[in-house]
file final38.cif (mmCIF, C-alpha atoms and all ligand atoms)
data_target
loop_
_atom_site.label_atom_id
_atom_site.label_comp_id
_atom_site.auth_asym_id
_atom_site.auth_seq_id
_atom_site.Cartn_x
_atom_site.Cartn_y
_atom_site.Cartn_z
CA MET A 1 35.38 131.57 -40.44
CA GLY A 2 33.65 129.07 -38.16
CA GLN A 3 31.90 129.83 -34.91
CA ASN A 4 34.09 130.74 -31.98
CA VAL A 5 34.33 128.20 -29.18
CA LEU A 6 36.24 128.87 -25.98
CA VAL A 7 37.53 125.71 -24.30
CA VAL A 8 38.31 126.33 -20.62
CA GLU A 9 40.14 123.23 -19.43
CA ASP A 10 43.39 122.83 -17.50
CA GLU A 11 44.00 119.18 -18.30
CA GLN A 12 46.27 119.39 -21.30
CA THR A 13 45.40 116.02 -22.82
CA LEU A 14 41.69 116.73 -22.71
CA SER A 15 41.96 120.28 -23.97
CA ARG A 16 44.10 119.09 -26.92
CA LEU A 17 41.58 116.40 -27.73
CA LEU A 18 38.70 118.88 -27.58
CA THR A 19 40.52 121.48 -29.63
CA TYR A 20 41.52 119.00 -32.30
CA ASN A 21 38.04 117.55 -32.70
CA LEU A 22 36.22 120.87 -32.64
CA GLU A 23 38.60 122.22 -35.26
CA GLN A 24 37.92 119.17 -37.40
CA GLU A 25 34.23 120.12 -37.24
CA GLY A 26 35.07 123.61 -38.53
CA TYR A 27 34.86 125.55 -35.27
CA CYS A 28 37.37 128.26 -34.51
CA VAL A 29 38.74 127.09 -31.15
CA HIS A 30 40.28 129.26 -28.43
CA HIS A 31 41.76 127.71 -25.34
CA CYS A 32 42.43 128.85 -21.83
CA ASN A 33 43.45 126.94 -18.69
CA HIS A 34 42.73 129.39 -15.87
CA GLY A 35 39.43 130.56 -14.35
CA VAL A 36 40.28 134.23 -13.98
CA VAL A 37 41.71 134.46 -17.49
CA ALA A 38 38.64 132.66 -18.86
CA LEU A 39 36.25 135.15 -17.24
CA GLN A 40 38.30 138.05 -18.55
CA ARG A 41 38.23 136.72 -22.08
CA ILE A 42 34.50 135.91 -21.94
CA MET A 43 33.82 139.51 -20.92
CA GLU A 44 36.08 141.05 -23.53
CA GLU A 45 35.66 138.80 -26.54
CA SER A 46 32.66 137.39 -28.32
CA PHE A 47 32.29 133.61 -28.28
CA ASP A 48 29.44 131.51 -29.63
CA LEU A 49 29.96 128.81 -27.03
CA VAL A 50 32.02 128.16 -23.91
CA ILE A 51 33.02 124.66 -22.83
CA LEU A 52 33.78 125.08 -19.15
CA ASP A 53 35.58 122.73 -16.79
CA ILE A 54 34.66 123.05 -13.10
CA MET A 55 37.97 122.36 -11.36
CA LEU A 56 40.27 125.13 -12.57
CA PRO A 57 43.15 127.17 -11.18
CA GLY A 58 42.23 130.68 -10.07
CA ILE A 59 38.45 130.65 -9.76
CA ASN A 60 36.42 127.53 -10.49
CA GLY A 61 33.97 127.00 -13.34
CA PHE A 62 30.93 127.72 -11.15
CA GLU A 63 32.30 131.14 -10.29
CA VAL A 64 33.10 131.87 -13.93
CA LEU A 65 29.54 130.90 -14.88
CA THR A 66 27.95 132.89 -12.05
CA LYS A 67 29.94 136.01 -12.81
CA MET A 68 29.33 135.94 -16.56
CA ARG A 69 25.58 135.46 -16.08
CA GLN A 70 25.54 138.26 -13.48
CA ARG A 71 27.03 140.51 -16.10
CA GLY A 72 24.27 139.57 -18.52
CA ILE A 73 26.50 137.51 -20.84
CA LYS A 74 24.21 134.90 -22.38
CA THR A 75 26.80 132.91 -24.34
CA PRO A 76 25.79 129.23 -24.19
CA VAL A 77 27.88 127.16 -21.78
CA ILE A 78 28.50 123.42 -21.62
CA VAL A 79 29.89 122.44 -18.23
CA LEU A 80 32.36 119.58 -17.82
CA THR A 81 32.00 117.80 -14.48
CA ALA A 82 33.83 114.98 -12.76
CA ARG A 83 32.38 111.51 -12.85
CA ASN A 84 29.41 110.84 -10.54
CA ALA A 85 29.28 114.44 -9.35
CA GLU A 86 25.53 114.80 -9.60
CA ALA A 87 25.50 117.80 -7.29
CA ASP A 88 27.84 119.57 -9.74
CA VAL A 89 25.43 118.94 -12.58
CA VAL A 90 22.49 120.37 -10.63
CA GLN A 91 24.49 123.39 -9.54
CA GLY A 92 25.80 124.00 -13.04
CA LEU A 93 22.31 124.01 -14.55
CA LYS A 94 21.02 126.18 -11.72
CA LEU A 95 23.73 128.73 -12.42
CA GLY A 96 22.74 128.94 -16.06
CA ALA A 97 24.68 126.26 -17.93
CA ASP A 98 22.94 125.08 -21.11
CA ASP A 99 24.17 121.52 -20.94
CA TYR A 100 26.76 119.36 -19.21
CA MET A 101 29.07 116.46 -19.91
CA THR A 102 30.31 114.06 -17.28
CA LYS A 103 33.93 112.99 -17.60
CA PRO A 104 34.98 110.74 -19.18
CA PHE A 105 32.88 111.33 -22.28
CA GLY A 106 32.99 110.39 -25.92
CA VAL A 107 33.97 113.06 -28.39
CA ALA A 108 31.07 112.21 -30.69
CA GLU A 109 28.60 112.89 -27.92
CA LEU A 110 30.29 116.17 -27.09
CA LEU A 111 30.19 117.29 -30.72
CA ALA A 112 26.49 116.41 -30.90
CA ARG A 113 25.80 118.44 -27.77
CA VAL A 114 27.85 121.37 -29.02
CA ALA A 115 25.83 121.41 -32.25
CA ALA A 116 22.52 121.11 -30.35
CA VAL A 117 23.34 123.93 -27.93
CA MET A 118 24.39 126.20 -30.79
CA ARG A 119 21.20 125.39 -32.70
CA ARG A 120 19.06 126.21 -29.65
CA ALA A 121 20.94 129.46 -29.10
CA ARG A 122 20.38 130.50 -32.71
CA SER A 123 16.66 129.72 -32.69
CA SER A 124 16.05 131.58 -29.42
CA ASP A 125 17.94 134.58 -30.85
CA GLY A 126 15.53 134.46 -33.77
CA ASP A 127 12.54 134.55 -31.42
CA ALA A 128 13.80 137.72 -29.78
CA VAL A 129 14.05 139.67 -33.02
CA LEU A 130 10.91 141.51 -34.03
CA ARG A 131 10.60 142.64 -37.59
CA PRO A 132 9.06 146.08 -38.06
CA GLY A 133 5.30 146.00 -38.55
CA GLN A 134 5.08 142.39 -37.41
CA GLU A 135 3.25 141.66 -34.22
CA ARG A 136 4.30 138.71 -32.18
CA VAL A 137 1.95 136.93 -29.82
CA ILE A 138 3.09 134.53 -27.14
CA THR A 139 0.33 132.16 -26.09
CA ILE A 140 0.23 129.69 -23.26
CA GLY A 141 -3.09 128.11 -22.35
CA GLY A 142 -5.74 130.80 -22.74
CA VAL A 143 -3.22 133.57 -22.08
CA SER A 144 -2.06 135.76 -24.98
CA ILE A 145 0.84 138.15 -24.54
CA TYR A 146 1.43 141.00 -26.99
CA PRO A 147 5.01 142.20 -26.43
CA GLU A 148 4.74 145.31 -28.58
CA ARG A 149 1.65 146.61 -26.83
CA TYR A 150 2.46 145.38 -23.33
CA GLU A 151 -1.00 143.83 -23.30
CA VAL A 152 -2.19 140.51 -21.94
CA THR A 153 -5.52 138.79 -22.39
CA ILE A 154 -6.92 135.73 -20.65
CA ASP A 155 -9.57 133.98 -22.72
CA GLY A 156 -9.87 137.16 -24.76
CA ALA A 157 -10.36 139.54 -21.82
CA ALA A 158 -7.62 142.10 -21.14
CA ILE A 159 -5.95 142.17 -17.73
CA SER A 160 -4.02 145.13 -16.39
CA LEU A 161 -0.35 144.56 -15.55
CA ARG A 162 2.39 146.96 -14.51
CA PRO A 163 5.37 147.02 -16.95
CA LYS A 164 7.66 144.91 -14.75
CA GLU A 165 4.89 142.38 -14.10
CA PHE A 166 4.37 142.20 -17.84
CA GLU A 167 8.08 141.60 -18.47
CA VAL A 168 8.26 138.89 -15.83
CA LEU A 169 5.26 137.13 -17.39
CA GLN A 170 6.64 137.50 -20.91
CA TYR A 171 10.02 136.04 -19.93
CA MET A 172 8.44 133.09 -18.12
CA ALA A 173 5.89 132.45 -20.88
CA GLN A 174 8.75 131.96 -23.32
CA ARG A 175 9.93 129.11 -21.07
CA PRO A 176 6.77 127.32 -19.97
CA GLY A 177 7.39 124.54 -17.48
CA VAL A 178 11.02 125.57 -17.03
CA VAL A 179 12.35 126.81 -13.71
CA VAL A 180 13.40 130.43 -13.96
CA THR A 181 15.74 131.64 -11.22
CA ARG A 182 15.33 134.91 -9.35
CA ASP A 183 18.74 135.92 -10.70
CA ASP A 184 17.52 135.37 -14.27
CA LEU A 185 14.46 137.54 -13.68
CA MET A 186 16.56 140.13 -11.89
CA ASN A 187 19.07 140.33 -14.74
CA ILE A 188 16.59 140.17 -17.59
CA VAL A 189 13.81 142.39 -16.28
CA TRP A 190 15.65 144.81 -14.00
CA GLY A 191 19.16 144.63 -15.48
CA PHE A 192 22.23 143.13 -13.89
CA ASP A 193 23.30 146.43 -12.29
CA TYR A 194 20.00 146.90 -10.45
CA VAL A 195 20.56 147.24 -6.70
CA GLY A 196 17.03 146.61 -5.40
CA GLY A 197 17.61 142.96 -4.52
CA GLN A 198 15.64 139.78 -5.07
CA ARG A 199 12.82 140.89 -2.80
CA THR A 200 11.71 143.10 -5.69
CA VAL A 201 11.36 140.01 -7.89
CA ASP A 202 9.29 138.22 -5.25
CA VAL A 203 6.96 141.20 -4.79
CA HIS A 204 6.30 141.49 -8.52
CA VAL A 205 5.77 137.75 -8.93
CA SER A 206 3.34 137.82 -6.03
CA THR A 207 1.22 140.66 -7.45
CA LEU A 208 1.38 139.10 -10.92
CA ARG A 209 0.23 135.79 -9.50
CA LYS A 210 -2.84 137.44 -7.92
CA LYS A 211 -3.78 139.01 -11.23
CA LEU A 212 -3.53 135.66 -13.04
CA GLU A 213 -5.41 133.48 -10.60
CA ASN A 214 -9.11 132.56 -10.55
CA ASN A 215 -9.42 132.04 -14.27
CA PRO A 216 -9.72 128.49 -15.64
CA PHE A 217 -7.95 129.56 -18.85
CA SER A 218 -5.05 131.15 -17.03
CA VAL A 219 -1.54 130.10 -16.08
CA ARG A 220 -0.13 129.54 -12.61
CA ILE A 221 3.25 130.57 -11.20
CA GLU A 222 4.70 127.85 -9.01
CA SER A 223 7.42 128.62 -6.48
CA ILE A 224 10.44 126.34 -6.57
CA ARG A 225 11.90 126.67 -3.11
CA GLY A 226 15.37 128.17 -3.02
CA VAL A 227 15.57 128.43 -6.81
CA GLY A 228 12.87 130.52 -8.42
CA TYR A 229 9.62 130.13 -10.30
CA LYS A 230 7.95 128.09 -12.97
CA LEU A 231 5.00 129.00 -15.19
CA VAL A 232 2.50 126.22 -15.82
CA GLN A 233 -0.90 125.95 -17.45
CA VAL A 234 -3.80 125.63 -15.07
CA ARG A 235 -4.93 122.02 -15.26
CA LYS A 236 -8.46 121.53 -16.45
CA ALA A 237 -9.01 118.67 -14.00
CA LEU A 238 -8.24 120.92 -11.06
CA VAL A 239 -10.59 123.56 -12.36
CA HIS A 240 -13.47 121.11 -12.67
CA SER A 241 -13.07 119.86 -9.15
CA GLU A 242 -13.28 123.34 -7.67
CA CA B 301 40.26 120.63 -14.33
#
call {"tool": "encode", "arguments": {"input": "final38.cif", "output": "C-alpha cells", "more": "lines below"}}
Ligand code: CA
result
Amino acid sequence: MGQNVLVVEDEQTLSRLLTYNLEQEGYCVHHCNHGVVALQRIMEESFDLVILDIMLPGINGFEVLTKMRQRGIKTPVIVLTARNAEADVVQGLKLGADDYMTKPFGVAELLARVAAVMRRARSSDGDAVLRPGQERVITIGGVSIYPERYEVTIDGAAISLRPKEFEVLQYMAQRPGVVVTRDDLMNIVWGFDYVGGQRTVDVHVSTLRKKLENNPFSVRIESIRGVGYKLVQVRKALVHSE
C-alpha cells in the first residue's frame, strides 16, 4: 500500500484532479472538503502528508494547521493558496506548513513537491532515531551537542546548561539559520499541553543566550520580532573587529 495522502479541498474539479494524479503516482489518497472534518480526521488517522486548501467551509486551512500543530501532530503539510496571496504564503509557513502551492499550479510541480516534502520528512525522522550504543553529536560552528549526555561544549570546553536550555539549543541546532517559532519550542520542549505560556520560552532563550555569548567559536540566537528565534554561527569577521 502506498503512502497516505489527505487532500483537503472543497473545489470538486481540483480535488478530483489531485486525487487522480496522486493515485497514478501510487499514493493512497483520502479526500475531505470541510475544515472541521479534516481536523478530526488528521487527529484520528495517520497520514503521511496533508494537502490543505485555505478557503474551506467550517474552519479555514490556517485554523486546521494551527490546531494540528498545537496538538503536536507533525504530519507534513502543503498549503494551497489563492493566486497572488503572498500574505497567505507567509502565514502558512509561519504556522508550520512545509511547502505551498499557489493556484493555479501544474500537476507535475505539485507531484515533485509532494515527493520532496515526503523525502524531507523521512530523512528528519531518521535523524531523530538513536540506535542503542551509538552516540550522536550535533555540531554547529565550534559548538558540539551530545543529546544522550545532555552536554554541550564550545571549542572543546564544557558549558553548563539546564535541561530545558539544552533542549531548546538542541532543537534550534538541528535547524541552523531557520526561524523557529515560540510555539514550536513550546510544543517540542515543554509539550503542547504545558500551561506556562510563551514567557517561559523567552526566559529560557535569554539565559541560554547569555551562556553562549562571548566565545568566538559559539553560536548566536537572533530574535525575529513577532515570530521567534534563529540560531546562527558567530561570524568570524565580527569577532575580529571586537
Ligand atoms: Ca477552497
call {"tool": "residues_around", "arguments": {"input": "final38.cif", "residues": "Phe62 of chain A", "least_positions_apart": "2", "cutoff": "12 Å", "atoms": "all atoms listed in the file", "output": "JSON, numbers by chain"}}
result
{"A": [35, 36, 38, 39, 52, 53, 54, 55, 56, 58, 59, 60, 64, 65, 66, 67, 68, 69, 77, 78, 79, 80, 81, 87, 88, 89, 90, 91, 92, 93, 94, 95, 96, 97]}
call {"tool": "residues_near_point", "arguments": {"input": "final38.cif", "point": "(6.6, 141.5, -17.6)", "cutoff": "12 Å", "atoms": "only C-alpha atoms", "output": "VMD selection string"}}
result
chain A and resid 145 to 152 160 to 174 185 to 186 188 to 190 201 204 to 205 207 to 209
call {"tool": "axis_aligned_box", "arguments": {"input": "final38.cif", "around": "segment 66-71 of chain A", "padding_each_side": "5 Å", "output": "lines of an AutoDock Vina configuration file"}}
result
center_x = 27.7
center_y = 136.7
center_z = -14.3
size_x = 14.4
size_y = 17.6
size_z = 14.5
call {"tool": "residues_around", "arguments": {"input": "final38.cif", "residues": "Arg122 of chain A", "least_positions_apart": "6", "cutoff": "12 Å", "atoms": "all atoms listed in the file", "output": "JSON, numbers by chain"}}
result
{"A": [3, 48, 49, 74, 75, 76, 115, 116, 128, 129]}
call {"tool": "residues_near_point", "arguments": {"input": "final38.cif", "point": "(-3.5, 128.7, -13.3)", "cutoff": "9 Å", "atoms": "all atoms listed in the file", "output": "PDB file with C-alpha atoms, keeping the file's coordinate frame"}}
result
ATOM      1  CA  ARG A 209       0.230 135.790  -9.500  1.00  0.00           C
ATOM      2  CA  LEU A 212      -3.530 135.660 -13.040  1.00  0.00           C
ATOM      3  CA  GLU A 213      -5.410 133.480 -10.600  1.00  0.00           C
ATOM      4  CA  ASN A 214      -9.110 132.560 -10.550  1.00  0.00           C
ATOM      5  CA  ASN A 215      -9.420 132.040 -14.270  1.00  0.00           C
ATOM      6  CA  PRO A 216      -9.720 128.490 -15.640  1.00  0.00           C
ATOM      7  CA  PHE A 217      -7.950 129.560 -18.850  1.00  0.00           C
ATOM      8  CA  SER A 218      -5.050 131.150 -17.030  1.00  0.00           C
ATOM      9  CA  VAL A 219      -1.540 130.100 -16.080  1.00  0.00           C
ATOM     10  CA  ARG A 220      -0.130 129.540 -12.610  1.00  0.00           C
ATOM     11  CA  ILE A 221       3.250 130.570 -11.200  1.00  0.00           C
ATOM     12  CA  LEU A 231       5.000 129.000 -15.190  1.00  0.00           C
ATOM     13  CA  VAL A 232       2.500 126.220 -15.820  1.00  0.00           C
ATOM     14  CA  GLN A 233      -0.900 125.950 -17.450  1.00  0.00           C
ATOM     15  CA  VAL A 234      -3.800 125.630 -15.070  1.00  0.00           C
ATOM     16  CA  ARG A 235      -4.930 122.020 -15.260  1.00  0.00           C
ATOM     17  CA  VAL A 239     -10.590 123.560 -12.360  1.00  0.00           C
TER      18      VAL A 239
END
call {"tool": "closest_residue", "arguments": {"input": "final38.cif", "among": "A:Leu111, A:Cys32, A:Met43, A:Leu22", "to": "ligand CA 301 (chain B)", "atoms": "only C-alpha atoms and all ligand atoms"}}
result
A:Cys32
call {"tool": "residues_around", "arguments": {"input": "final38.cif", "residues": "segment 106-110 of chain A", "least_positions_apart": "2", "cutoff": "12 Å", "atoms": "all atoms listed in the file", "output": "PyMOL selection string"}}
result
chain A and resi 14-22+24-25+51+78-80+99-104+112-117
call {"tool": "atom_distance", "arguments": {"input": "final38.cif", "atom1": "atom CA of Ser223 of chain A", "atom2": "atom CA of Arg199 of chain A"}}
result
13.9 Å
call {"tool": "closest_residue", "arguments": {"input": "final38.cif", "among": "A:Ile140, A:Ala158, A:Val8, A:Val203", "to": "ligand CA 301 (chain B)", "atoms": "only C-alpha atoms and all ligand atoms"}}
result
A:Val8
call {"tool": "closest_residue", "arguments": {"input": "final38.cif", "among": "A:Ala157, A:Val143, A:Val195, A:Ala85", "to": "Pro176 of chain A", "atoms": "all atoms listed in the file"}}
result
A:Val143
call {"tool": "closest_residue", "arguments": {"input": "final38.cif", "among": "A:Gly142, A:Gly191, A:Gly226, A:Gly61", "to": "ligand CA 301 (chain B)", "atoms": "only C-alpha atoms and all ligand atoms"}}
result
A:Gly61
call {"tool": "closest_residue", "arguments": {"input": "final38.cif", "among": "A:Ala82, A:Ile154, A:Val29, A:Met118", "to": "ligand CA 301 (chain B)", "atoms": "all atoms listed in the file"}}
result
A:Ala82
call {"tool": "atom_distance", "arguments": {"input": "final38.cif", "atom1": "atom CA of Asp155 of chain A", "atom2": "atom CA of Lys211 of chain A"}}
result
13.8 Å
call {"tool": "residues_around", "arguments": {"input": "final38.cif", "residues": "Ile224 of chain A", "least_positions_apart": "2", "cutoff": "9 Å", "atoms": "all atoms listed in the file", "output": "PyMOL selection string"}}
result
chain A and resi 179-181+222+226-230
call {"tool": "residues_around", "arguments": {"input": "final38.cif", "residues": "Cys28 of chain A", "least_positions_apart": "3", "cutoff": "7 Å", "atoms": "all atoms listed in the file", "output": "PDB file with C-alpha atoms, keeping the file's coordinate frame"}}
result
ATOM      1  CA  GLY A   2      33.650 129.070 -38.160  1.00  0.00           C
ATOM      2  CA  GLN A   3      31.900 129.830 -34.910  1.00  0.00           C
ATOM      3  CA  ASN A   4      34.090 130.740 -31.980  1.00  0.00           C
ATOM      4  CA  VAL A   5      34.330 128.200 -29.180  1.00  0.00           C
ATOM      5  CA  GLU A  23      38.600 122.220 -35.260  1.00  0.00           C
TER       6      GLU A  23
END
